[in-house]
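Each remark here refers to the structure printed beneath this line.
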Amino acid sequence: MRKHLESFIAGEWKPTAPGDFFDVVSPSTEERVAKVGRTSKADVDVAITAATSAARSGEWRHLSLDERSAVLEKAAAALVAESPGIAETTTVETGMPLATSRRQVEAAAGMLHAAVSNARTVPKRVVRSDTMGNVVVELEPVGPVGAIVPWNGPLSLSVLKVAPALLAGCPVVLKGSPLAPLSPYAIARALADAGLPKGMLSVVAGDGDIGEQIVADPRLPMITFTGSTAVGRSIGAQAGQLLKKVALELGGKSAAIILDDADVPAAVDVVAGTVLSNMGQYCRALSRVLVPRSMEAEVVQALAARAEAIVIGDPMDPATVMGPLISKAQRDRVESYVDLATSQGARVVAGGRRPQGLDRGWYFEPTVLSGVSNSHRVAQEEIFGPVVCVIPYDGEDEAVALANDISYGLSGAVFTADAARGYAVAQRIETGVIGVNSQGARFCAPCGGTKLSGVGQEHGPEGYLEFLEPKTILIPGDVADDLVASGVPFQGFRS
């Protein structure tokens with residue numbers, strides 16, 4: 001059994017109180033695989049105090065962007081070097097297939113490099129002038145940040161929050177999920193070894209009460225959270241009372257619109273990659289597949305064949321494509337949605353049950369449902385499991401209406417042989433990110449949600465800007481001239 005009985009508090013590894021720990025249970029064996037120290041509320045307070053001090057007077061505040069970037073790029077190299085061990089840890093605690101865990105580490109390193117590139121596109125200050133006078137607009141760090149991440153991508157989602165915040169000059173107090181608390185410590189080790197000053201990052205572990213403490217502390221003027229819409233609403237409400245800034249990346253129920261000229265096998269490949277991999281525990285999963293009524297049987301058959309071919313089993317086995325769900329509660333949730341769907345008239349075309357021969361572990365077969373109405377709960381609510389609903393439509397306008405008839409707006413995709421047509425349809429879909437014959441996020445572009453899928457952006461320069469606040473300084477003309485002459489960008493016109 002692994003043991004991790006320390007928290008990373010203000011840049012130092014601090015032992016947790018003797019006996020105050022919680023167990024991590026393997027989703028694939030149902031056995032205890034790790035003993036993790038629970039961060040005390042007193043140590044969380046120490047972490048927040050250190051972050052507050054670092055934000056005001058720490059050495060990081062005075063470093064240039066290039067100097068900060070060097071630390072993050074060194075940390076990225078460390079993650080790559082330690083990839084085998086980090087990936088194995090992620091697989092042990094999440095049940096994610098080892099190949100997927102390795103890609104998560106690669107993604108985390110890529111996010112560090114991308115965060116640097118994105119930050120470099122944003123000028124720290126600009127001069128503006130109009131007939132009323134001259135100003136310089138400077139971007140300043142929002143201050144210390146509380147970050148809370150879920151279990152389905154514990155390392156990459158940690159990096160996605162920590163990297164832009166640090167580049168902006170914001171110290172971070174990071175909390176992972178009690179279901180997957182070990183992986184976030186990897187970024188703490190990498191950054192500490194890369195030379196991140198003390199106080200700039202703390203990583204704590206525990207249950208919801210620790211997250212509540214972070215959200216409630218007025219010394220943290222910003223909270224960034226990835227997780228369920230229900231928890232995001234609660235965080236937003238509490239943060240609103242304190243007038244805190246929030247960035248909330250929440251749930252999704254995204255649609256894949258297959259148009260009548262689409263390459264069905266190619267579309268099915270993309271859909272399967274989001275819904276039938278990592279057990280569908282992916283907020284951007286294309287879990288609603290909208291198809292022309294005349295193509296419904298073809299698409300259902302193709303999805304079913306793909307689902308039935310997926311190798312389910314031990315996530316440490318290189319041949320495994322799909323591992324278990326994260327917990328018994330999550331498997332029960334998925335089962336209940338499938339049962340509900342069939343009670344409302346849906347038909348299970350593939351999967352729909354626990355796989356034979358896997359008596360231990362929280363496994364569930366990849367499932368394809370047909371005969372689903374867009375109004376059914378299985379089509380309206382996020383399941384967070386390997387379940388895809390096929391919904392027929394009559395005409396392009398109805399496809400758009402069905403795609404938008406949902407309370408979420410996180411992701412989506414349009415599949416067609418005519419790229420211009422796909423782009424035109426994509427423009428009509430109410431969502432934060434949508435692909436034409438593709439799906440997913442791009443590190444160079446903003447990635448956020450609409451409706452109940454959240455507020456704020458991640459990735460791209462916009463993700464970096466979330467951690468900065470503009471400050472306007474009215475200046476005389478000669479100061480404006482000197483700044484422009486020194487290379488500060490100029491916007492507006494000079495009288």
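Lettering and numbering for the structure tokens are positional, with chains as A, B, ... in the shown order, residues counted from 1 in each chain, and ligands counted from 1 in the shown order.
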
Find the nearest atom pair between each residue of stretch 380-480 of chain A and stretch 348-357 of chain A for residues within 10 Å, count only C-alpha atoms, give distances in Å to one decimal, sort rows by chain and ascending number, and present the table as CSV.
residue,atom,partner,partner_atom,distance
A:Pro386,CA,A:Gly351,CA,9.3
A:Val387,CA,A:Gly352,CA,8.3
A:Cys389,CA,A:Val348,CA,9.6

Query raised in the report: Where does DSSP see helix (DSSP H, G or I) in stretch 90-260 of chain A, if you list the residues as a PyMOL selection string?
Result: chain A and resi 90-94+98-120+156-168+184-193+208-216+229-241

Restricting it to C-alpha atoms, dump the selection as a short mmCIF file (atom, residue, chain, number, x, y, z; two decimals), in the first residue's frame.
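Writing the result to again03.cif gives the following:
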data_model
loop_
_atom_site.label_atom_id
_atom_site.label_comp_id
_atom_site.auth_asym_id
_atom_site.auth_seq_id
_atom_site.Cartn_x
_atom_site.Cartn_y
_atom_site.Cartn_z
CA THR A 90 -2.98 8.06 -11.58
CA THR A 91 -4.02 4.62 -12.80
CA VAL A 92 -3.89 3.14 -9.31
CA GLU A 93 -6.12 5.80 -7.79
CA THR A 94 -8.54 6.47 -10.68
CA LEU A 98 -2.27 3.17 -18.07
CA ALA A 99 -2.00 4.41 -21.66
CA THR A 100 -4.57 7.10 -20.90
CA SER A 101 -2.73 8.10 -17.73
CA ARG A 102 0.47 8.50 -19.72
CA ARG A 103 -1.32 10.79 -22.15
CA GLN A 104 -2.57 12.79 -19.15
CA VAL A 105 1.02 13.41 -18.03
CA GLU A 106 1.99 14.42 -21.57
CA ALA A 107 -0.99 16.77 -21.65
CA ALA A 108 0.01 18.30 -18.32
CA ALA A 109 3.52 19.03 -19.60
CA GLY A 110 2.03 20.44 -22.80
CA MET A 111 -0.27 22.69 -20.78
CA LEU A 112 2.72 24.18 -18.95
CA HIS A 113 4.41 25.04 -22.24
CA ALA A 114 1.15 26.34 -23.72
CA ALA A 115 0.47 28.51 -20.69
CA VAL A 116 3.83 30.18 -21.25
CA SER A 117 3.09 30.74 -24.94
CA ASN A 118 -0.36 32.13 -24.20
CA ALA A 119 0.91 34.52 -21.54
CA ARG A 120 3.52 35.91 -23.91
CA SER A 156 -3.82 17.76 -15.99
CA LEU A 157 -6.69 19.72 -14.45
CA SER A 158 -4.41 20.81 -11.61
CA VAL A 159 -1.86 22.12 -14.10
CA LEU A 160 -4.60 23.83 -16.11
CA LYS A 161 -5.36 26.00 -13.08
CA VAL A 162 -1.95 26.37 -11.49
CA ALA A 163 0.09 27.28 -14.59
CA PRO A 164 -1.72 30.45 -15.78
CA ALA A 165 -2.26 31.59 -12.20
CA LEU A 166 1.45 31.40 -11.39
CA LEU A 167 2.43 33.13 -14.63
CA ALA A 168 0.01 35.94 -13.74
CA PRO A 184 -1.88 16.69 -7.80
CA TYR A 185 1.18 16.33 -5.60
CA ALA A 186 3.22 15.59 -8.75
CA ILE A 187 2.96 19.19 -9.95
CA ALA A 188 3.95 20.40 -6.47
CA ARG A 189 7.13 18.30 -6.59
CA ALA A 190 7.95 19.39 -10.13
CA LEU A 191 7.50 23.09 -9.43
CA ALA A 192 9.36 22.97 -6.12
CA ASP A 193 12.33 21.25 -7.76
CA GLY A 208 -15.48 18.74 1.19
CA ASP A 209 -14.95 20.66 4.41
CA ILE A 210 -11.46 21.63 3.24
CA GLY A 211 -12.89 22.92 -0.02
CA GLU A 212 -15.50 24.87 1.90
CA GLN A 213 -12.78 26.44 4.02
CA ILE A 214 -10.92 27.55 0.90
CA VAL A 215 -14.04 29.02 -0.70
CA ALA A 216 -15.09 30.81 2.49
CA THR A 229 -22.86 22.01 -11.78
CA ALA A 230 -24.46 21.44 -8.37
CA VAL A 231 -21.22 22.09 -6.49
CA GLY A 232 -20.34 24.93 -8.85
CA ARG A 233 -23.62 26.64 -8.05
CA SER A 234 -22.90 26.33 -4.34
CA ILE A 235 -19.41 27.77 -4.77
CA GLY A 236 -20.75 30.58 -6.93
CA ALA A 237 -23.38 31.48 -4.36
CA GLN A 238 -20.90 31.56 -1.49
CA ALA A 239 -18.31 33.45 -3.52
CA GLY A 240 -20.96 35.96 -4.50
CA GLN A 241 -21.56 36.84 -0.88
#

Report task. Return as a VMD selection string the full set of residues in stretch 142-265 of chain A whose backbone-based DSSP assignment is strand (DSSP E). Result -> chain A and resid 145 to 148 172 to 175 201 to 204 222 to 226 245 to 249 255 to 258

**Report entry** Residue nearest A:Tyr408 - candidates A:Gly435, A:Gly252, A:Gly95, A:Pro144, atoms counted: only C-alpha atoms
**Finding:** A:Gly252

Query - Point-to-point distance from atom CA of A:Asp130 to atom CA of A:Leu483, Å rounded to tenths - result: 16.0 Å
